[in-house]
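> My file is model.tsv. It has TSV, C-alpha atoms:
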chain	number	residue	atom	x	y	z
A	1	MET	CA	66.33	107.80	81.43
A	2	LYS	CA	68.89	109.59	79.36
A	3	THR	CA	71.73	108.77	81.75
A	4	GLN	CA	70.61	105.15	81.70
A	5	LYS	CA	70.93	105.07	77.94
A	6	ASN	CA	74.23	106.85	78.16
A	7	LYS	CA	75.56	104.29	80.62
A	8	ALA	CA	74.53	101.43	78.36
A	9	ARG	CA	76.40	103.08	75.51
A	10	VAL	CA	79.51	103.59	77.62
A	11	CYS	CA	79.38	99.96	78.76
A	12	ALA	CA	79.07	98.72	75.20
A	13	GLU	CA	82.02	100.86	74.24
A	14	LEU	CA	84.06	99.59	77.21
A	15	PHE	CA	83.34	96.07	76.07
A	16	LEU	CA	84.43	96.75	72.50
A	17	ARG	CA	87.56	98.72	73.41
A	18	PHE	CA	88.78	96.02	75.76
A	19	ALA	CA	87.88	93.26	73.34
A	20	ARG	CA	90.09	95.01	70.80
A	21	ILE	CA	92.89	95.31	73.33
A	22	GLY	CA	92.55	91.61	74.17
A	23	LEU	CA	92.63	90.71	70.52
A	24	PHE	CA	95.79	92.60	69.67
A	25	THR	CA	98.15	91.87	72.53
A	26	PHE	CA	100.31	88.81	72.46
A	27	GLY	CA	101.50	87.33	75.71
A	28	GLY	CA	99.31	89.68	77.69
A	29	GLY	CA	100.54	91.39	80.80
A	30	TYR	CA	102.44	94.60	80.42
A	31	ALA	CA	102.47	94.21	76.65
A	32	MET	CA	98.95	95.54	77.02
A	33	LEU	CA	99.93	98.74	78.74
A	34	PRO	CA	100.69	100.88	75.67
A	35	LEU	CA	97.43	99.82	74.02
A	36	ILE	CA	95.40	100.53	77.12
A	37	HIS	CA	97.09	103.90	77.47
A	38	ALA	CA	96.49	104.88	73.85
A	39	ASP	CA	92.83	103.88	73.93
A	40	VAL	CA	91.68	104.61	77.42
A	41	VAL	CA	93.74	107.66	78.39
A	42	GLU	CA	94.58	109.43	75.15
A	43	LYS	CA	91.67	108.62	72.90
A	44	LYS	CA	88.68	108.19	75.19
A	45	LYS	CA	90.00	110.22	78.14
A	46	TRP	CA	88.16	107.81	80.44
A	47	VAL	CA	90.91	107.92	83.03
A	48	SER	CA	93.90	110.21	83.66
A	49	ASP	CA	97.61	109.42	83.69
A	50	ASP	CA	97.50	109.50	87.48
A	51	ASP	CA	94.74	106.90	87.44
A	52	MET	CA	96.96	104.73	85.26
A	53	ILE	CA	99.74	104.95	87.83
A	54	ASP	CA	97.30	104.01	90.60
A	55	MET	CA	96.11	101.15	88.47
A	56	LEU	CA	99.65	99.89	87.97
A	57	ALA	CA	100.34	100.08	91.69
A	58	ILE	CA	97.19	98.10	92.44
A	59	SER	CA	97.87	95.52	89.73
A	60	GLU	CA	101.38	95.01	91.01
A	61	SER	CA	100.16	94.34	94.50
A	62	THR	CA	97.09	92.22	93.89
A	63	PRO	CA	96.94	88.70	92.49
A	64	GLY	CA	95.66	87.79	89.07
A	65	PRO	CA	96.42	88.55	85.44
A	66	PHE	CA	97.34	92.18	84.73
A	67	ALA	CA	94.85	92.34	81.85
A	68	ILE	CA	91.95	91.51	84.16
A	69	ASN	CA	93.15	93.89	86.86
A	70	ALA	CA	93.42	96.73	84.34
A	71	ALA	CA	90.06	96.08	82.68
A	72	THR	CA	88.24	95.80	85.99
A	73	PHE	CA	89.87	98.98	87.31
A	74	VAL	CA	89.15	101.11	84.25
A	75	GLY	CA	85.64	99.71	83.79
A	76	ARG	CA	84.73	100.49	87.37
A	77	ARG	CA	86.16	104.01	87.13
A	78	VAL	CA	84.15	104.75	84.02
A	79	ALA	CA	80.83	103.05	84.69
A	80	GLY	CA	80.74	101.33	88.08
A	81	VAL	CA	80.42	97.60	88.62
A	82	LEU	CA	78.54	97.09	85.35
A	83	GLY	CA	81.36	98.84	83.52
A	84	ALA	CA	83.88	96.60	85.27
A	85	VAL	CA	81.96	93.52	84.13
A	86	CYS	CA	81.78	94.76	80.52
A	87	ALA	CA	85.47	95.65	80.28
A	88	THR	CA	86.58	92.40	81.94
A	89	VAL	CA	84.40	90.18	79.79
A	90	GLY	CA	85.58	92.18	76.78
A	91	VAL	CA	89.26	91.63	77.47
A	92	ALA	CA	88.80	87.89	78.08
A	93	LEU	CA	86.35	86.98	75.34
A	94	PRO	CA	88.64	87.12	72.27
A	95	SER	CA	91.14	84.81	74.01
A	96	LEU	CA	88.42	82.42	75.00
A	97	LEU	CA	87.04	82.16	71.46
A	98	ILE	CA	90.45	81.97	69.80
A	99	ILE	CA	91.71	79.26	72.13
A	100	ILE	CA	88.54	77.22	71.68
A	101	ALA	CA	89.10	77.35	67.92
A	102	VAL	CA	92.83	76.63	68.24
A	103	SER	CA	92.04	73.69	70.53
A	104	PHE	CA	89.97	72.05	67.83
A	105	ALA	CA	92.72	72.60	65.27
A	106	PHE	CA	95.42	71.41	67.66
A	107	ASN	CA	93.60	68.17	68.44
A	108	ALA	CA	92.81	67.56	64.77
A	109	PHE	CA	96.42	67.99	63.58
A	110	ARG	CA	98.28	66.68	66.61
A	111	ASP	CA	98.93	63.30	65.02
A	112	ASN	CA	100.19	64.75	61.76
A	113	LEU	CA	103.89	63.93	61.39
A	114	TRP	CA	105.01	67.49	60.61
A	115	VAL	CA	102.92	69.06	63.34
A	116	ASP	CA	104.26	66.51	65.79
A	117	CYS	CA	107.86	67.29	64.75
A	118	ALA	CA	107.22	71.01	65.06
A	119	PHE	CA	105.88	70.51	68.56
A	120	ARG	CA	108.86	68.40	69.57
A	121	GLY	CA	110.99	71.39	68.65
A	122	ILE	CA	108.65	73.82	70.38
A	123	ARG	CA	108.68	71.78	73.59
A	124	ALA	CA	112.43	72.22	73.78
A	125	GLY	CA	111.95	75.96	73.37
A	126	VAL	CA	109.27	76.55	76.00
A	127	PHE	CA	111.96	76.28	78.65
A	128	VAL	CA	113.63	79.27	76.99
A	129	LEU	CA	110.47	81.36	77.30
A	130	ILE	CA	110.16	80.55	80.99
A	131	THR	CA	113.87	81.13	81.64
A	132	ASN	CA	113.65	84.53	79.99
A	133	ALA	CA	110.64	85.39	82.14
A	134	VAL	CA	112.75	84.53	85.20
A	135	ILE	CA	115.62	86.74	84.01
A	136	LYS	CA	113.29	89.63	83.24
A	137	LEU	CA	111.55	89.46	86.61
A	138	GLY	CA	114.88	88.98	88.35
A	139	LYS	CA	116.31	92.14	86.80
A	140	LYS	CA	113.32	94.20	87.89
A	141	LEU	CA	113.47	93.08	91.49
A	142	ASP	CA	115.32	94.98	94.20
A	143	TRP	CA	117.26	92.03	95.62
A	144	SER	CA	118.21	91.62	99.25
A	145	LEU	CA	119.85	88.78	101.14
A	146	ILE	CA	116.55	87.54	102.55
A	147	GLY	CA	114.97	87.89	99.11
A	148	GLY	CA	117.69	85.70	97.64
A	149	VAL	CA	117.21	83.10	100.34
A	150	LEU	CA	113.44	83.13	99.76
A	151	ALA	CA	113.91	82.67	96.00
A	152	LEU	CA	116.33	79.76	96.49
A	153	ALA	CA	114.16	78.15	99.15
A	154	ALA	CA	111.05	78.43	96.98
A	155	PHE	CA	112.98	76.97	94.05
A	156	ALA	CA	114.29	74.05	96.11
A	157	ILE	CA	110.91	73.29	97.69
A	158	ALA	CA	109.19	73.30	94.31
A	159	VAL	CA	111.82	71.08	92.69
A	160	PHE	CA	112.41	68.58	95.48
A	161	THR	CA	109.14	68.34	97.39
A	162	GLU	CA	105.47	67.80	96.64
A	163	LEU	CA	104.41	70.76	98.78
A	164	SER	CA	101.76	72.93	97.15
A	165	VAL	CA	103.06	76.14	95.57
A	166	ILE	CA	100.33	78.08	97.36
A	167	TYR	CA	101.87	77.31	100.77
A	168	VAL	CA	105.24	78.50	99.50
A	169	ILE	CA	103.71	81.81	98.43
A	170	LEU	CA	101.86	82.26	101.71
A	171	ALA	CA	104.96	81.40	103.75
A	172	ALA	CA	107.09	83.86	101.76
A	173	GLY	CA	104.46	86.54	102.28
A	174	ILE	CA	104.43	85.93	106.03
A	175	VAL	CA	108.23	86.09	106.18
A	176	GLY	CA	108.02	89.35	104.23
A	177	ILE	CA	105.51	90.86	106.65
A	178	CYS	CA	107.62	89.85	109.68
A	179	VAL	CA	110.85	91.20	108.19
A	180	ARG	CA	109.39	94.50	107.03
A	181	LEU	CA	107.39	95.21	110.17
A	182	SER	CA	110.30	94.42	112.49
A	183	LYS	CA	112.66	96.62	110.46
A	184	LYS	CA	110.34	99.60	110.79
A	185	GLU	CA	110.34	99.21	114.56
A	186	GLU	CA	114.11	99.42	114.80
A	187	LYS	CA	114.13	102.91	113.34
B	188	MET	CA	82.17	66.99	89.03
B	189	ILE	CA	84.94	68.12	86.74
B	190	LEU	CA	83.41	71.52	85.87
B	191	LEU	CA	83.25	72.59	89.50
B	192	GLU	CA	86.72	71.23	90.04
B	193	LEU	CA	88.07	73.23	87.10
B	194	PHE	CA	86.40	76.38	88.35
B	195	TYR	CA	87.64	75.88	91.89
B	196	THR	CA	91.18	75.02	90.81
B	197	PHE	CA	91.55	78.02	88.54
B	198	PHE	CA	89.92	80.27	91.11
B	199	LYS	CA	92.65	79.19	93.52
B	200	ILE	CA	95.30	79.73	90.87
B	201	GLY	CA	93.95	83.19	90.04
B	202	LEU	CA	93.95	84.07	93.70
B	203	PHE	CA	97.63	83.20	94.15
B	204	THR	CA	99.13	84.43	90.89
B	205	PHE	CA	101.45	87.30	91.75
B	206	GLY	CA	103.74	88.57	89.03
B	207	GLY	CA	102.12	87.77	85.72
B	208	GLY	CA	100.95	84.81	83.71
B	209	TYR	CA	104.14	82.77	83.98
B	210	ALA	CA	103.75	82.64	87.73
B	211	MET	CA	100.75	80.40	87.04
B	212	ILE	CA	102.82	77.65	85.46
B	213	PRO	CA	104.16	76.01	88.63
B	214	MET	CA	100.67	76.08	90.15
B	215	ILE	CA	99.03	74.64	87.05
B	216	THR	CA	101.65	71.88	86.93
B	217	ASP	CA	100.95	71.14	90.58
B	218	GLU	CA	97.21	70.92	90.12
B	219	VAL	CA	97.23	69.14	86.79
B	220	VAL	CA	99.60	66.49	88.06
B	221	SER	CA	97.64	65.93	91.25
B	222	ARG	CA	94.33	65.59	89.38
B	223	ALA	CA	93.62	63.03	86.73
B	224	TRP	CA	93.09	65.45	83.87
B	225	ALA	CA	95.43	63.53	81.62
B	226	LEU	CA	97.15	66.66	80.35
B	227	GLU	CA	100.67	66.25	81.72
B	228	GLY	CA	102.52	65.74	78.49
B	229	ARG	CA	100.53	68.34	76.64
B	230	LEU	CA	100.91	71.14	79.14
B	231	ILE	CA	104.13	72.28	77.46
B	232	ASP	CA	102.33	72.48	74.11
B	233	PHE	CA	99.61	74.53	75.78
B	234	ILE	CA	102.18	76.97	77.14
B	235	ALA	CA	103.68	77.44	73.68
B	236	ILE	CA	100.29	77.96	72.04
B	237	SER	CA	99.08	80.30	74.78
B	238	GLU	CA	102.16	82.43	74.23
B	239	SER	CA	101.67	82.60	70.47
B	240	THR	CA	97.96	83.42	70.37
B	241	PRO	CA	96.65	86.89	71.19
B	242	GLY	CA	95.26	87.78	74.58
B	243	PRO	CA	96.48	87.46	78.16
B	244	PHE	CA	98.54	84.33	78.77
B	245	ALA	CA	96.55	83.52	81.91
B	246	ILE	CA	93.23	83.47	80.08
B	247	ASN	CA	94.66	81.47	77.20
B	248	ILE	CA	96.14	78.74	79.33
B	249	ALA	CA	93.04	78.48	81.52
B	250	THR	CA	90.81	78.18	78.46
B	251	PHE	CA	93.15	75.60	76.96
B	252	VAL	CA	93.28	73.37	80.01
B	253	GLY	CA	89.52	73.67	80.50
B	254	MET	CA	88.78	72.96	76.86
B	255	ASN	CA	90.96	69.86	76.77
B	256	SER	CA	89.72	68.38	80.01
B	257	ALA	CA	85.99	69.06	79.77
B	258	GLY	CA	85.16	70.69	76.44
B	259	LEU	CA	83.47	74.03	75.94
B	260	LEU	CA	81.88	74.28	79.37
B	261	GLY	CA	85.21	73.33	80.89
B	262	ALA	CA	86.87	76.20	79.03
B	263	ILE	CA	84.27	78.65	80.31
B	264	CYS	CA	84.48	77.38	83.90
B	265	ALA	CA	88.29	77.51	84.03
B	266	THR	CA	88.39	80.98	82.49
B	267	LEU	CA	85.70	82.36	84.81
B	268	GLY	CA	87.59	80.82	87.70
B	269	VAL	CA	90.88	82.51	86.85
B	270	ILE	CA	89.21	85.90	86.23
B	271	LEU	CA	86.93	86.10	89.23
B	272	PRO	CA	89.44	86.55	92.08
B	273	SER	CA	91.15	89.50	90.33
B	274	PHE	CA	87.83	91.00	89.45
B	275	ILE	CA	86.50	90.90	92.99
B	276	ILE	CA	89.77	92.02	94.56
B	277	ILE	CA	90.17	94.99	92.23
B	278	LEU	CA	86.63	96.15	92.91
B	279	ILE	CA	87.32	96.09	96.64
B	280	VAL	CA	90.85	97.48	96.53
B	281	ALA	CA	90.02	100.29	94.10
B	282	ALA	CA	87.45	101.48	96.59
B	283	LEU	CA	89.94	101.44	99.48
B	284	PHE	CA	92.95	102.42	97.41
B	285	ASP	CA	94.74	104.80	99.77
B	286	ARG	CA	94.47	102.65	102.83
B	287	PHE	CA	95.54	99.56	100.87
B	288	ASN	CA	98.46	101.27	99.21
B	289	ARG	CA	99.92	102.58	102.45
B	290	SER	CA	99.51	99.34	104.35
B	291	ARG	CA	102.86	98.10	105.61
B	292	ALA	CA	101.52	94.58	105.90
B	293	VAL	CA	100.61	94.54	102.19
B	294	LYS	CA	104.04	95.90	101.27
B	295	GLY	CA	105.74	93.35	103.48
B	296	PHE	CA	103.72	90.49	102.06
B	297	LEU	CA	104.68	91.42	98.50
B	298	TRP	CA	108.29	92.01	99.51
B	299	GLY	CA	108.46	88.35	100.52
B	300	VAL	CA	106.32	86.95	97.73
B	301	ARG	CA	108.12	88.56	94.76
B	302	PRO	CA	111.48	86.77	95.10
B	303	ALA	CA	109.74	83.50	95.99
B	304	VAL	CA	107.69	83.70	92.79
B	305	ILE	CA	110.89	84.08	90.78
B	306	GLY	CA	112.22	80.91	92.43
B	307	LEU	CA	108.99	79.10	91.63
B	308	ILE	CA	109.01	80.13	87.99
B	309	ALA	CA	112.63	79.01	87.77
B	310	SER	CA	111.55	75.60	89.07
B	311	ALA	CA	108.95	75.45	86.29
B	312	ALA	CA	111.71	76.17	83.77
B	313	VAL	CA	113.71	73.25	85.16
B	314	SER	CA	110.81	70.80	85.06
B	315	VAL	CA	109.83	71.85	81.53
B	316	PHE	CA	113.47	71.50	80.46
B	317	ILE	CA	113.71	68.01	81.93
B	318	SER	CA	110.49	66.79	80.38
B	319	ALA	CA	111.53	68.12	76.96
B	320	VAL	CA	115.09	66.80	76.97
B	321	PHE	CA	114.42	63.49	78.73
B	322	SER	CA	110.95	62.62	77.45
B	323	GLY	CA	109.61	62.17	80.97
B	324	GLU	CA	111.97	60.26	83.26
B	325	ILE	CA	115.60	61.18	83.67
B	326	SER	CA	117.36	58.22	82.09
B	327	LYS	CA	119.94	57.51	79.42
B	328	ALA	CA	117.36	55.85	77.21
B	329	GLY	CA	115.01	58.81	77.33
B	330	PHE	CA	117.72	61.36	76.52
B	331	ASP	CA	116.93	63.39	73.43
B	332	LEU	CA	120.11	65.05	72.13
B	333	PRO	CA	118.43	67.06	69.33
B	334	ALA	CA	116.02	68.50	71.90
B	335	LEU	CA	118.93	69.58	74.08
B	336	CYS	CA	120.58	71.25	71.07
B	337	ILE	CA	117.36	73.06	70.15
B	338	ALA	CA	116.86	74.20	73.73
B	339	VAL	CA	120.41	75.53	74.12
B	340	GLY	CA	120.40	77.08	70.64
B	341	ALA	CA	117.08	78.80	71.27
B	342	LEU	CA	118.29	80.11	74.62
B	343	VAL	CA	121.37	81.65	72.98
B	344	ILE	CA	119.37	83.16	70.11
B	345	SER	CA	116.80	84.59	72.49
B	346	ARG	CA	119.46	86.34	74.59
B	347	ILE	CA	121.20	88.06	71.66
B	348	LYS	CA	120.42	91.74	71.41
B	349	TRP	CA	119.75	92.40	67.74
B	350	ASN	CA	120.80	95.84	66.46
B	351	GLY	CA	122.42	96.24	69.84
B	352	LYS	CA	119.09	96.75	71.56
B	353	LYS	CA	116.19	94.37	71.27
B	354	THR	CA	115.95	90.64	71.85
B	355	ILE	CA	113.60	88.68	69.59
B	356	HIS	CA	109.93	88.24	70.44
B	357	PRO	CA	108.86	85.03	72.23
B	358	ILE	CA	106.69	84.13	69.24
B	359	ALA	CA	109.80	84.22	67.03
B	360	VAL	CA	111.53	81.88	69.49
B	361	ILE	CA	108.62	79.44	69.20
B	362	ALA	CA	108.62	79.69	65.40
B	363	ILE	CA	112.37	79.00	65.23
B	364	CYS	CA	111.98	75.98	67.51
B	365	ALA	CA	109.10	74.65	65.43
B	366	LEU	CA	111.21	74.97	62.30
B	367	ALA	CA	114.15	73.29	64.03
B	368	GLY	CA	111.84	70.47	65.12
B	369	ILE	CA	110.64	69.94	61.56
B	370	VAL	CA	114.19	69.92	60.20
B	371	VAL	CA	115.69	67.71	62.91
B	372	TYR	CA	112.89	65.20	63.45
B	373	GLY	CA	110.82	65.42	60.26
B	374	LEU	CA	113.29	65.57	57.38
B	375	PRO	CA	115.20	62.36	58.30
B	376	THR	CA	111.94	60.41	57.99
B	377	VAL	CA	111.52	61.65	54.41
B	378	PHE	CA	115.01	61.07	53.13
Could you quickly redo this structure as structure tokens?


Amino acid sequence: MKTQKNKARVCAELFLRFARIGLFTFGGGYAMLPLIHADVVEKKKWVSDDDMIDMLAISESTPGPFAINAATFVGRRVAGVLGAVCATVGVALPSLLIIIAVSFAFNAFRDNLWVDCAFRGIRAGVFVLITNAVIKLGKKLDWSLIGGVLALAAFAIAVFTELSVIYVILAAGIVGICVRLSKKEEK
Amino acid sequence: MILLELFYTFFKIGLFTFGGGYAMIPMITDEVVSRAWALEGRLIDFIAISESTPGPFAINIATFVGMNSAGLLGAICATLGVILPSFIIILIVAALFDRFNRSRAVKGFLWGVRPAVIGLIASAAVSVFISAVFSGEISKAGFDLPALCIAVGALVISRIKWNGKKTIHPIAVIAICALAGIVVYGLPTVF
């Protein structure tokens, strides 16, 4: 009985902690890491530094938003599947509510001259955000010849054909498996 | 049934997003264009707003697309869809961590996917650039010189390392562009 109560308390706290993290990170992703570390490792001692490294490794190698990966991982560690649900809902809920509110505002003011002008400027700038994301990811990657070919091929296919992006990702993954497995055999 | 379609589409997107929120953009463009959700022109606005509101980019953009194509329930369906694959996969993988982490097949898969994702995001940059500078079709009539100037100017500003170290935050880039838009497009209509 007591442990049941305790678990409910931990789950509520997981929810609140991750809601706070969701509320205070802009852009998401790794911007969240310092906050998660401060709250979850240092303050609550829910998981260790080693767990954080495991979590990063898993997030890097599984699909989906980093924020969700992290919340699910920590929640599960602390309080099982229920904990995972609480932390994940917590990290997503502030965004959901804020965007719903912003959506109403956006649609109400979209036809305003000044808002429209601001968005014409912003539209020109979104390309900058995406370009910078490409540069950042590109710097982090350990490039190889095949990697370069894959990047160029994916780029060309996406620009010049109607082929679904998902097939490009799957094909690149299969090439990766073939290359890596055959290299190991040579040794 | 648009709610199911939203859920299914974002589930698929969540399942194939490797490398952070921006990796979703080419997939969202793909899906939004192929379905009649009437969001094409506004997708760029959504990206800008998703970047400047708190929370994970992926959740923001899913909520935004859902909200604008099918209201509140749409927002919930799209967001649940984008969350669920990660959630399920992490629960499974965390349980099998060691075996998963040592798997050469997993490492190989990611080794191929990572550079491809960079190429895909670059293609999204190109298509967003074209739709901003050429208001849709590439033609002389659609060419928007002020937009090109804002885009190039913002790119330069965003690459400068202030105090020798840090580049400015993406939200600052958006704010500067908004201001530039107001000055370039708005002021001439007043004077």

> Work out how far CA of Gly173 in chain A is from CA of Val300 in chain B, in Å to one decimal.

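About the pair CA of Val300 in chain B and CA of Gly173 in chain A: they are 4.9 Å apart.
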
> Rounded to one decimal, what separation in Å do you get between CA of Thr88 in chain A and CA of Ile21 in chain A?

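Here the two named atoms are 11.1 Å from each other.
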
> Mind pulling up the distance from CA of Cys86 in chain A to CA of Phe15 in chain A?

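Distance reported for this atom pair: 4.9 Å.
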
> Could you give me, as a tab-separated table, every chain A residue with an atom at most 6 Å from chain B, plus its closest atom pair and distance in Å to one decimal, counting only C-alpha atoms, rows ordered by chain then number?


residue	atom	partner	partner_atom	distance
A:Gly22	CA	B:Gly242	CA	4.7
A:Leu23	CA	B:Pro241	CA	5.6
A:Phe24	CA	B:Pro241	CA	6.0
A:Thr25	CA	B:Pro241	CA	5.4
A:Phe26	CA	B:Pro241	CA	4.3
A:Gly27	CA	B:Glu238	CA	5.2
A:Gly28	CA	B:Pro243	CA	3.6
A:Pro63	CA	B:Phe205	CA	4.8
A:Gly64	CA	B:Ser273	CA	5.0
A:Pro65	CA	B:Gly207	CA	5.8
A:Asn69	CA	B:Ser273	CA	5.9
A:Thr72	CA	B:Phe274	CA	5.9
A:Ser95	CA	B:Gly242	CA	5.1
A:Leu96	CA	B:Thr250	CA	6.0
A:Cys117	CA	B:Ile369	CA	5.0
A:Ala118	CA	B:Ala365	CA	4.1
A:Arg120	CA	B:Gly368	CA	5.7
A:Gly121	CA	B:Gly368	CA	3.7
A:Ile122	CA	B:Cys364	CA	4.9
A:Arg123	CA	B:Ala319	CA	5.7
A:Ala124	CA	B:Ala338	CA	4.9
A:Gly125	CA	B:Ala338	CA	5.2
A:Phe127	CA	B:Ala312	CA	5.1
A:Val128	CA	B:Leu342	CA	5.3
A:Ile130	CA	B:Ala312	CA	5.4
A:Thr131	CA	B:Ala312	CA	5.8
A:Val134	CA	B:Ile305	CA	5.9
A:Gly147	CA	B:Pro302	CA	5.4
A:Leu150	CA	B:Ala303	CA	5.3
A:Ala151	CA	B:Ala303	CA	4.3
A:Leu152	CA	B:Gly306	CA	5.9
A:Ala154	CA	B:Gly306	CA	5.3
A:Phe155	CA	B:Gly306	CA	4.3
A:Val159	CA	B:Ser310	CA	5.8
A:Val165	CA	B:Met214	CA	5.9
A:Ile169	CA	B:Val300	CA	5.8
A:Ala172	CA	B:Gly299	CA	4.9
A:Gly173	CA	B:Phe296	CA	4.0
A:Gly176	CA	B:Gly299	CA	3.9
A:Ile177	CA	B:Gly295	CA	4.0
A:Arg180	CA	B:Gly295	CA	5.2

> Given 3 Å of margin on each side, can you work out the centre and size in Å (one decimal) of an axis-aligned box holding every listed atom of range 248-267 of chain B, as AutoDock Vina command-line options?


--center_x 89.0 --center_y 75.4 --center_z 80.4 --size_x 20.3 --size_y 20.0 --size_z 14.9

> Measuring atom to atom with all atoms listed in the file, identify which of A:Ser164, A:Lys7, A:Ala12, A:Ile146 is nearest to Val179 in chain A.

A:Ile146

> Give as a PyMOL selection string the set of residues within 8 Å of the point (83.6, 71.3, 84.2), where distances use the file's coordinates and all atoms listed in the file.

chain B and resi 188-194+253+256-258+260-262+264-265
